[in-house]
Amino acid sequence: MHSLSVAEMAEALAQGQCTSEELTEAFLERIAQFDGALNSLVTVEPERALAQAREADARRRRSAAGPLTGVPMIHKDIFLTAGQRTTCGSRMLGDFVPPFDATIVARCAAAGLVTLGKANMDEFAMGSSNETSHFGPVRNPWDPARVPGGSSGGSAAAVAARLAPLATGSDTGGSIRQPAALCGITGLKPTYGRVSRYGMIAFASSLDQAGVFGRDAQDCALLLEAMAGFDPRDSTSVDRPVPHYAGSLNHPLSGLRIGIPAEFFGAGLDPAVGEAVEAALEVFETLGATLHPVHLPNLGLSVPTYYTLAPAEASSNLSRFDGVRYGHRCEHPANLEDLYKRSRGEGFGAEVKRRIMIGTYVLSAGYYDAYYLKAQRCRRLITEDFRRVFETVDVLAGPTAPEVAFRLGEKTDDPVKMYLSDINTIAVNLAGLPGLSLPAGFVENLPVGLQLIGPHFEEGRLLNMAHQYQRETDWHRRHPTAFA
């Protein structure tokens, strides 16, 4: 059953070919068998999952089921789950059990989805390789000696290994799209404001966006439709109707104008990755789309802009973790200052501390104008580049990541080299645009991702493109043989 798509699972459940309890048991057995080699999950509660599955089966017997009722999934451990540990990959929240659900968790539950567990992640979503987690690194199912990408690497690895058919993730600078590319699955970061951030532990509030992982575009469309929509509890949520994403997957691509930014194909791109992406673009041409060279002249500013703004927001957001109200608290503090220092020093890992220090520095009185304010101006330039280019083309396309999955430990001693892993994805977050990564080939038996970028609220167009491409290719159907 684990090899079925979500649509096929839903059909099997609807036809009575299996029950949700049977489906959930099958995935729990796979987790028990395989996750020791991947470390993709932080928390698994079989009885809780099976209770949800039995309730889903009862809903079907009452004829009260929706299209996803009874389908298992995994939540990234950045989303609050009432009564279930939520760690954000950090010692700081190692024993934290929230009293309420994040909005997307509640909406998935309302749709009847069954939560198998919580996925491992880079600590507080700060990382590009899933090596900063307090609970140890996640390993790539295609080669356990390599990274799955980050920060949503646990979600991506679990879906790629068929430990779950669906998973949620969060994307601040590429944290859904980059691991989707490195693990050979489909991942979508929606437009900023399309999916509620209520109950998602904040890293950088103006950049964070919840999104989805699935084997293919249809899987992602079904989950996104269940999650998206206005939430009055989130001040950044956009009050806009949610399209029927799954119903628009079969629109023809004839006449679609695809922009190819030259900046995505410059220095730093692995030539083999570039060739795979160019071959994928040719498939779109056979489907009736046209390719157009375009330029994003300020794209080179995206990495320094992001690594000024994101740490600044992190410095502010993480100030609440002080050992007083909740989270890790040091033993026997001598006084209040000692409590703060030791609780934060013990609770946060090295990468989180690095970003807090950077963020505090750029927000300080002597450097605010020189760094933070200048970065905000650069963000505006980057956003304007996208606005101008979308006046002439419908979507943009290029490699999701400049290389395939790198080896564990290869970049941990060079933060700047690690940060450049997100060079093709960061600008999308700075502009608040939707972005999707889909499998587009292999280089030395490791997946290559193709990134599609659209104007605001054009998730449906990206999903439609991905679905049409996946009807013509089989990259998304391939899976790591060790996890068959």
# chains A, B, ... in the order shown; residues from 1 in each chain; ligands from 1
>>> closest_atom_pairs(of="region 150-186 of chain A", to="region 122-141 of chain A", cutoff="10 Å", atoms="only C-alpha atoms", output="Markdown table")
| residue | atom | partner | partner_atom | distance |
| --- | --- | --- | --- | --- |
| A:Gly150 | CA | A:Ser128 | CA | 4.0 |
| A:Ser151 | CA | A:Asp122 | CA | 4.7 |
| A:Ser152 | CA | A:Asp122 | CA | 7.1 |
| A:Gly153 | CA | A:Asn130 | CA | 5.5 |
| A:Gly154 | CA | A:Val138 | CA | 6.0 |
| A:Ser155 | CA | A:Val138 | CA | 9.7 |
| A:Ala156 | CA | A:Asn140 | CA | 8.8 |
| A:Ala157 | CA | A:Asn140 | CA | 6.0 |
| A:Ala158 | CA | A:Pro141 | CA | 8.3 |
| A:Val159 | CA | A:Pro141 | CA | 9.7 |
| A:Ala160 | CA | A:Pro141 | CA | 6.8 |
| A:Ala161 | CA | A:Pro141 | CA | 5.9 |
| A:Arg162 | CA | A:Pro141 | CA | 9.8 |
| A:Gly169 | CA | A:Ala125 | CA | 9.9 |
| A:Ser170 | CA | A:Ala125 | CA | 7.9 |
| A:Asp171 | CA | A:Ala125 | CA | 8.5 |
| A:Thr172 | CA | A:Ala125 | CA | 8.0 |
| A:Gly173 | CA | A:Ser128 | CA | 9.1 |
| A:Gly174 | CA | A:Ser128 | CA | 8.2 |
| A:Ser175 | CA | A:Ser128 | CA | 7.0 |
| A:Gln178 | CA | A:Ser128 | CA | 7.9 |
| A:Pro179 | CA | A:Ser129 | CA | 8.0 |
| A:Leu182 | CA | A:Asn140 | CA | 7.9 |
| A:Cys183 | CA | A:Asn140 | CA | 6.5 |
| A:Gly184 | CA | A:Pro141 | CA | 9.6 |
>>> residues_around(residues="Arg380 (chain A)", least_positions_apart="5", cutoff="9 Å", atoms="only C-alpha atoms", output="PyMOL selection string")
chain A and resi 375+385+430-431
>>> write_last_selection(atoms="N, CA and C atoms", output="PDB file, in the first residue's frame")
ATOM      1  N   ALA A 375      19.452  46.197   3.881  1.00  0.00           N
ATOM      2  CA  ALA A 375      18.929  44.906   3.421  1.00  0.00           C
ATOM      3  C   ALA A 375      17.459  45.017   3.028  1.00  0.00           C
ATOM      4  N   ASP A 385      12.351  43.213  -9.341  1.00  0.00           N
ATOM      5  CA  ASP A 385      12.845  42.400 -10.463  1.00  0.00           C
ATOM      6  C   ASP A 385      11.809  41.350 -10.858  1.00  0.00           C
ATOM      7  N   LEU A 430      11.976  36.216  -0.208  1.00  0.00           N
ATOM      8  CA  LEU A 430      12.093  37.660  -0.037  1.00  0.00           C
ATOM      9  C   LEU A 430      10.968  38.393  -0.757  1.00  0.00           C
ATOM     10  N   ALA A 431      10.512  37.833  -1.882  1.00  0.00           N
ATOM     11  CA  ALA A 431       9.434  38.452  -2.660  1.00  0.00           C
ATOM     12  C   ALA A 431       8.063  37.899  -2.294  1.00  0.00           C
TER      13      ALA A 431
END
>>> closest_residue(among="A:Asp143, A:Glu410, A:Glu225, A:Glu263", to="Ala37 (chain A)", atoms="only C-alpha atoms")
A:Asp143
>>> closest_residue(among="A:Pro261, A:Asp270, A:Pro241, A:Gly327", to="Thr86 (chain A)", atoms="only C-alpha atoms")
A:Gly327
>>> residues_around(residues="Glu11 (chain A)", least_positions_apart="3", cutoff="12 Å", atoms="only C-alpha atoms", output="compact mmCIF listing (two decimals) with C-alpha atoms, in the first residue's frame")
# COMPACT_ATOMS: atom_id res chain seq x y z
CA LEU A 4 0.16 4.08 -3.90
CA SER A 5 -0.28 7.78 -4.58
CA VAL A 6 -2.53 9.74 -2.23
CA ALA A 7 -5.31 9.79 -4.82
CA GLU A 8 -5.02 6.00 -5.15
CA ALA A 14 -13.57 4.99 -0.54
CA GLN A 15 -14.07 1.62 -2.23
CA GLY A 16 -13.54 -0.30 1.01
CA GLN A 17 -10.45 -2.07 -0.33
CA CYS A 18 -8.67 -1.18 2.91
CA THR A 19 -9.36 0.71 6.11
CA SER A 20 -7.51 3.68 7.49
CA ALA A 65 -15.68 11.50 4.93
CA GLY A 66 -13.81 13.92 2.71
CA PRO A 67 -11.32 13.10 -0.06
CA LEU A 68 -8.38 12.76 2.37
CA THR A 69 -10.15 11.12 5.31
CA GLY A 70 -8.03 8.26 6.63
CA VAL A 71 -4.86 9.08 4.68
>>> residues_around(residues="Val277 (chain A)", least_positions_apart="2", cutoff="8 Å", atoms="only C-alpha atoms", output="list in words")
Val273, Gly274, Glu275, Ala279, Ala280, Leu281, Gly398, Pro399, Ala440, Gly441, Val448, Gly449 and Leu450 of chain A
>>> select_by_dssp(residues="region 96-214 of chain A", states="strand (DSSP E)", output="PyMOL selection string")
chain A and resi 114-119+166-171+186-189+209-214
>>> select_by_dssp(residues="region 142-388 of chain A", states="alpha helix (DSSP H)", output="VMD selection string")
chain A and resid 153 to 160 177 to 183 217 to 227 271 to 286 302 to 317 336 to 347 350 to 363 374 to 388
>>> closest_atom_pairs(of="region 235-259 of chain A", to="region 459-464 of chain A", cutoff="12 Å", atoms="only C-alpha atoms", output="CSV")
residue,atom,partner,partner_atom,distance
A:Val242,CA,A:Gly460,CA,9.9
A:Pro243,CA,A:Gly460,CA,7.5
A:His244,CA,A:Gly460,CA,8.2
A:Tyr245,CA,A:Gly460,CA,5.4
A:Ala246,CA,A:Gly460,CA,8.3
A:Gly247,CA,A:Gly460,CA,9.2
A:Ser248,CA,A:Asn464,CA,6.4
A:Leu249,CA,A:Asn464,CA,4.2
A:Asn250,CA,A:Asn464,CA,6.4
A:His251,CA,A:Asn464,CA,6.7
A:Pro252,CA,A:Asn464,CA,8.5
A:Leu253,CA,A:Asn464,CA,8.4
A:Leu256,CA,A:Arg461,CA,10.0
A:Arg257,CA,A:Arg461,CA,11.8
A:Ile258,CA,A:Leu462,CA,11.1
>>> write_last_selection(atoms="N, CA and C atoms", output="short mmCIF file (atom, residue, chain, number, x, y, z; two decimals), in the first residue's frame")
data_model
loop_
_atom_site.label_atom_id
_atom_site.label_comp_id
_atom_site.auth_asym_id
_atom_site.auth_seq_id
_atom_site.Cartn_x
_atom_site.Cartn_y
_atom_site.Cartn_z
N VAL A 242 -9.85 29.89 -1.67
CA VAL A 242 -8.90 28.84 -2.01
C VAL A 242 -9.38 28.13 -3.27
N PRO A 243 -8.58 28.11 -4.33
CA PRO A 243 -9.00 27.44 -5.56
C PRO A 243 -9.09 25.93 -5.37
N HIS A 244 -9.77 25.28 -6.29
CA HIS A 244 -9.82 23.82 -6.33
C HIS A 244 -8.57 23.36 -7.08
N TYR A 245 -7.46 23.26 -6.35
CA TYR A 245 -6.17 22.98 -6.99
C TYR A 245 -6.18 21.66 -7.76
N ALA A 246 -6.76 20.62 -7.16
CA ALA A 246 -6.75 19.32 -7.83
C ALA A 246 -7.60 19.33 -9.10
N GLY A 247 -8.56 20.25 -9.18
CA GLY A 247 -9.42 20.30 -10.35
C GLY A 247 -8.82 21.04 -11.53
N SER A 248 -7.67 21.72 -11.33
CA SER A 248 -7.07 22.49 -12.41
C SER A 248 -5.76 21.89 -12.91
N LEU A 249 -5.51 20.62 -12.56
CA LEU A 249 -4.23 20.01 -12.91
C LEU A 249 -4.12 19.66 -14.40
N ASN A 250 -5.24 19.50 -15.08
CA ASN A 250 -5.21 18.99 -16.44
C ASN A 250 -5.34 20.05 -17.51
N HIS A 251 -5.20 21.32 -17.14
CA HIS A 251 -5.24 22.37 -18.14
C HIS A 251 -4.04 22.24 -19.08
N PRO A 252 -4.23 22.41 -20.40
CA PRO A 252 -3.10 22.33 -21.34
C PRO A 252 -2.12 23.47 -21.13
N LEU A 253 -0.87 23.24 -21.50
CA LEU A 253 0.18 24.25 -21.32
C LEU A 253 0.46 25.03 -22.60
N LEU A 256 1.92 28.76 -22.84
CA LEU A 256 2.52 29.18 -21.57
C LEU A 256 3.92 29.73 -21.80
N ARG A 257 4.20 30.90 -21.25
CA ARG A 257 5.51 31.54 -21.41
C ARG A 257 6.36 31.28 -20.16
N ILE A 258 7.44 30.54 -20.34
CA ILE A 258 8.32 30.19 -19.23
C ILE A 258 9.60 31.02 -19.32
#
>>> residues_around(residues="Ala32 (chain A)", least_positions_apart="6", cutoff="12 Å", atoms="only C-alpha atoms", output="ChimeraX atom specification")
/A:25-26,38-41,43-46,116-117,163
>>> write_last_selection(atoms="N, CA and C atoms", output="PDB file, in the first residue's frame")
ATOM      1  N   GLU A  25      -1.432   1.218  10.134  1.00  0.00           N
ATOM      2  CA  GLU A  25      -0.570   0.159  10.662  1.00  0.00           C
ATOM      3  C   GLU A  25       0.559  -0.168   9.707  1.00  0.00           C
ATOM      4  N   ALA A  26       0.259  -0.167   8.398  1.00  0.00           N
ATOM      5  CA  ALA A  26       1.286  -0.477   7.402  1.00  0.00           C
ATOM      6  C   ALA A  26       2.401   0.566   7.427  1.00  0.00           C
ATOM      7  N   LEU A  38      17.400   6.418   8.969  1.00  0.00           N
ATOM      8  CA  LEU A  38      17.216   7.766   8.431  1.00  0.00           C
ATOM      9  C   LEU A  38      17.139   8.840   9.509  1.00  0.00           C
ATOM     10  N   ASN A  39      16.571   8.511  10.662  1.00  0.00           N
ATOM     11  CA  ASN A  39      16.358   9.490  11.738  1.00  0.00           C
ATOM     12  C   ASN A  39      15.462  10.631  11.263  1.00  0.00           C
ATOM     13  N   SER A  40      14.453  10.296  10.468  1.00  0.00           N
ATOM     14  CA  SER A  40      13.593  11.337   9.902  1.00  0.00           C
ATOM     15  C   SER A  40      12.496  11.793  10.851  1.00  0.00           C
ATOM     16  N   LEU A  41      12.223  11.011  11.898  1.00  0.00           N
ATOM     17  CA  LEU A  41      11.138  11.349  12.816  1.00  0.00           C
ATOM     18  C   LEU A  41      11.662  11.546  14.233  1.00  0.00           C
ATOM     19  N   THR A  43       9.203  12.164  16.897  1.00  0.00           N
ATOM     20  CA  THR A  43       8.160  11.617  17.763  1.00  0.00           C
ATOM     21  C   THR A  43       7.223  10.748  16.943  1.00  0.00           C
ATOM     22  N   VAL A  44       6.967   9.539  17.420  1.00  0.00           N
ATOM     23  CA  VAL A  44       5.974   8.640  16.830  1.00  0.00           C
ATOM     24  C   VAL A  44       5.126   8.090  17.970  1.00  0.00           C
ATOM     25  N   GLU A  45       3.812   8.240  17.870  1.00  0.00           N
ATOM     26  CA  GLU A  45       2.895   7.737  18.880  1.00  0.00           C
ATOM     27  C   GLU A  45       1.880   6.825  18.190  1.00  0.00           C
ATOM     28  N   PRO A  46       2.180   5.531  18.087  1.00  0.00           N
ATOM     29  CA  PRO A  46       1.306   4.614  17.341  1.00  0.00           C
ATOM     30  C   PRO A  46      -0.138   4.603  17.825  1.00  0.00           C
ATOM     31  N   LEU A 116       0.944  10.429  11.713  1.00  0.00           N
ATOM     32  CA  LEU A 116       1.808   9.326  12.125  1.00  0.00           C
ATOM     33  C   LEU A 116       2.840   9.761  13.152  1.00  0.00           C
ATOM     34  N   GLY A 117       3.326  11.005  13.029  1.00  0.00           N
ATOM     35  CA  GLY A 117       4.360  11.483  13.936  1.00  0.00           C
ATOM     36  C   GLY A 117       4.842  12.850  13.531  1.00  0.00           C
ATOM     37  N   LEU A 163       7.737   6.406   4.026  1.00  0.00           N
ATOM     38  CA  LEU A 163       7.319   6.214   5.411  1.00  0.00           C
ATOM     39  C   LEU A 163       6.016   6.948   5.678  1.00  0.00           C
TER      40      LEU A 163
END
>>> residues_around(residues="Tyr372 (chain A)", least_positions_apart="6", cutoff="9 Å", atoms="only C-alpha atoms", output="list in words")
Thr305, Thr308, Leu309, Ala312, Gly359, Val362 and Leu363 of chain A
>>> residues_around(residues="Tyr306 (chain A)", least_positions_apart="2", cutoff="12 Å", atoms="only C-alpha atoms", output="short mmCIF file (atom, residue, chain, number, x, y, z; two decimals) with N, CA and C atoms, in the first residue's frame")
data_model
loop_
_atom_site.label_atom_id
_atom_site.label_comp_id
_atom_site.auth_asym_id
_atom_site.auth_seq_id
_atom_site.Cartn_x
_atom_site.Cartn_y
_atom_site.Cartn_z
N THR A 172 11.49 29.07 4.76
CA THR A 172 11.90 30.44 5.09
C THR A 172 12.85 30.99 4.03
N GLY A 173 13.67 30.09 3.45
CA GLY A 173 14.59 30.50 2.39
C GLY A 173 14.83 29.37 1.39
N GLY A 174 13.94 28.38 1.40
CA GLY A 174 14.09 27.23 0.52
C GLY A 174 13.92 25.91 1.23
N ALA A 204 11.74 33.50 11.09
CA ALA A 204 11.75 34.85 10.53
C ALA A 204 10.35 35.13 10.01
N SER A 206 8.56 37.40 8.55
CA SER A 206 8.20 37.95 7.24
C SER A 206 8.59 37.03 6.10
N LEU A 207 9.21 35.91 6.42
CA LEU A 207 9.70 34.97 5.40
C LEU A 207 9.10 33.58 5.54
N ASP A 208 8.79 33.15 6.78
CA ASP A 208 8.30 31.80 7.03
C ASP A 208 6.98 31.55 6.30
N LEU A 299 19.42 39.44 -8.28
CA LEU A 299 19.36 38.14 -7.62
C LEU A 299 20.60 37.86 -6.78
N GLY A 300 21.74 38.37 -7.22
CA GLY A 300 22.98 38.16 -6.48
C GLY A 300 22.97 38.78 -5.09
N LEU A 301 22.03 39.68 -4.83
CA LEU A 301 21.93 40.31 -3.51
C LEU A 301 21.11 39.47 -2.54
N SER A 302 20.49 38.40 -3.04
CA SER A 302 19.51 37.69 -2.21
C SER A 302 20.14 37.02 -1.00
N VAL A 303 21.31 36.40 -1.15
CA VAL A 303 21.92 35.70 -0.02
C VAL A 303 22.33 36.67 1.09
N PRO A 304 23.10 37.74 0.79
CA PRO A 304 23.43 38.67 1.89
C PRO A 304 22.20 39.38 2.45
N THR A 308 20.90 38.83 6.45
CA THR A 308 20.81 39.98 7.34
C THR A 308 19.42 40.04 7.97
N LEU A 309 18.39 39.90 7.13
CA LEU A 309 17.02 40.04 7.61
C LEU A 309 16.57 38.85 8.47
N ALA A 310 16.84 37.64 8.00
CA ALA A 310 16.36 36.46 8.73
C ALA A 310 16.96 36.38 10.13
N PRO A 311 18.27 36.54 10.32
CA PRO A 311 18.80 36.52 11.68
C PRO A 311 18.26 37.66 12.55
N ALA A 312 18.00 38.82 11.93
CA ALA A 312 17.45 39.92 12.72
C ALA A 312 16.08 39.54 13.28
N GLU A 313 15.24 38.93 12.45
CA GLU A 313 13.93 38.51 12.92
C GLU A 313 14.05 37.35 13.91
N ALA A 314 15.01 36.46 13.68
CA ALA A 314 15.22 35.35 14.61
C ALA A 314 15.66 35.86 15.98
N ARG A 355 23.15 32.78 14.52
CA ARG A 355 22.18 33.67 13.87
C ARG A 355 21.60 34.69 14.85
N ILE A 358 24.27 37.39 15.02
CA ILE A 358 24.27 38.21 13.81
C ILE A 358 23.07 39.15 13.82
N GLY A 359 21.90 38.60 14.14
CA GLY A 359 20.69 39.41 14.13
C GLY A 359 20.72 40.53 15.15
N TYR A 371 23.18 48.03 7.95
CA TYR A 371 22.91 46.64 7.58
C TYR A 371 21.42 46.36 7.40
N TYR A 372 20.64 46.46 8.47
CA TYR A 372 19.24 46.06 8.40
C TYR A 372 18.45 46.91 7.42
N LYS A 374 19.55 48.75 4.96
CA LYS A 374 20.04 48.54 3.59
C LYS A 374 19.52 47.21 3.03
N ALA A 375 19.45 46.20 3.88
CA ALA A 375 18.93 44.91 3.42
C ALA A 375 17.46 45.02 3.03
N GLN A 376 16.70 45.80 3.75
CA GLN A 376 15.29 46.00 3.38
C GLN A 376 15.17 46.68 2.03
N ARG A 377 16.08 47.59 1.73
CA ARG A 377 16.08 48.24 0.41
C ARG A 377 16.43 47.25 -0.69
N CYS A 378 17.38 46.38 -0.40
CA CYS A 378 17.75 45.34 -1.37
C CYS A 378 16.58 44.38 -1.60
N ARG A 379 15.88 44.09 -0.54
CA ARG A 379 14.69 43.22 -0.69
C ARG A 379 13.69 43.84 -1.65
N ILE A 382 14.88 43.30 -5.24
CA ILE A 382 14.68 41.92 -5.68
C ILE A 382 13.21 41.69 -6.02
N TYR A 419 25.36 28.26 3.44
CA TYR A 419 24.31 29.22 3.12
C TYR A 419 24.07 29.31 1.62
N LEU A 420 25.12 29.11 0.82
CA LEU A 420 24.99 29.21 -0.63
C LEU A 420 24.20 28.03 -1.22
N ASP A 422 21.25 27.53 -0.70
CA ASP A 422 19.91 28.07 -0.95
C ASP A 422 19.92 29.24 -1.93
N ILE A 423 20.97 29.36 -2.71
CA ILE A 423 21.13 30.54 -3.55
C ILE A 423 20.01 30.70 -4.57
N THR A 425 16.82 29.65 -4.14
CA THR A 425 15.49 29.63 -3.53
C THR A 425 15.18 30.84 -2.66
N ILE A 426 16.19 31.48 -2.11
CA ILE A 426 15.99 32.55 -1.12
C ILE A 426 15.19 33.72 -1.67
N ALA A 427 15.46 34.12 -2.90
CA ALA A 427 14.79 35.30 -3.45
C ALA A 427 13.29 35.14 -3.51
N VAL A 428 12.82 33.91 -3.68
CA VAL A 428 11.37 33.65 -3.74
C VAL A 428 10.72 34.03 -2.42
N ASN A 429 11.37 33.73 -1.31
CA ASN A 429 10.83 34.09 0.01
C ASN A 429 10.90 35.60 0.23
N LEU A 430 11.98 36.22 -0.21
CA LEU A 430 12.09 37.66 -0.04
C LEU A 430 10.97 38.39 -0.76
N ALA A 431 10.51 37.83 -1.88
CA ALA A 431 9.43 38.45 -2.66
C ALA A 431 8.06 37.90 -2.29
#
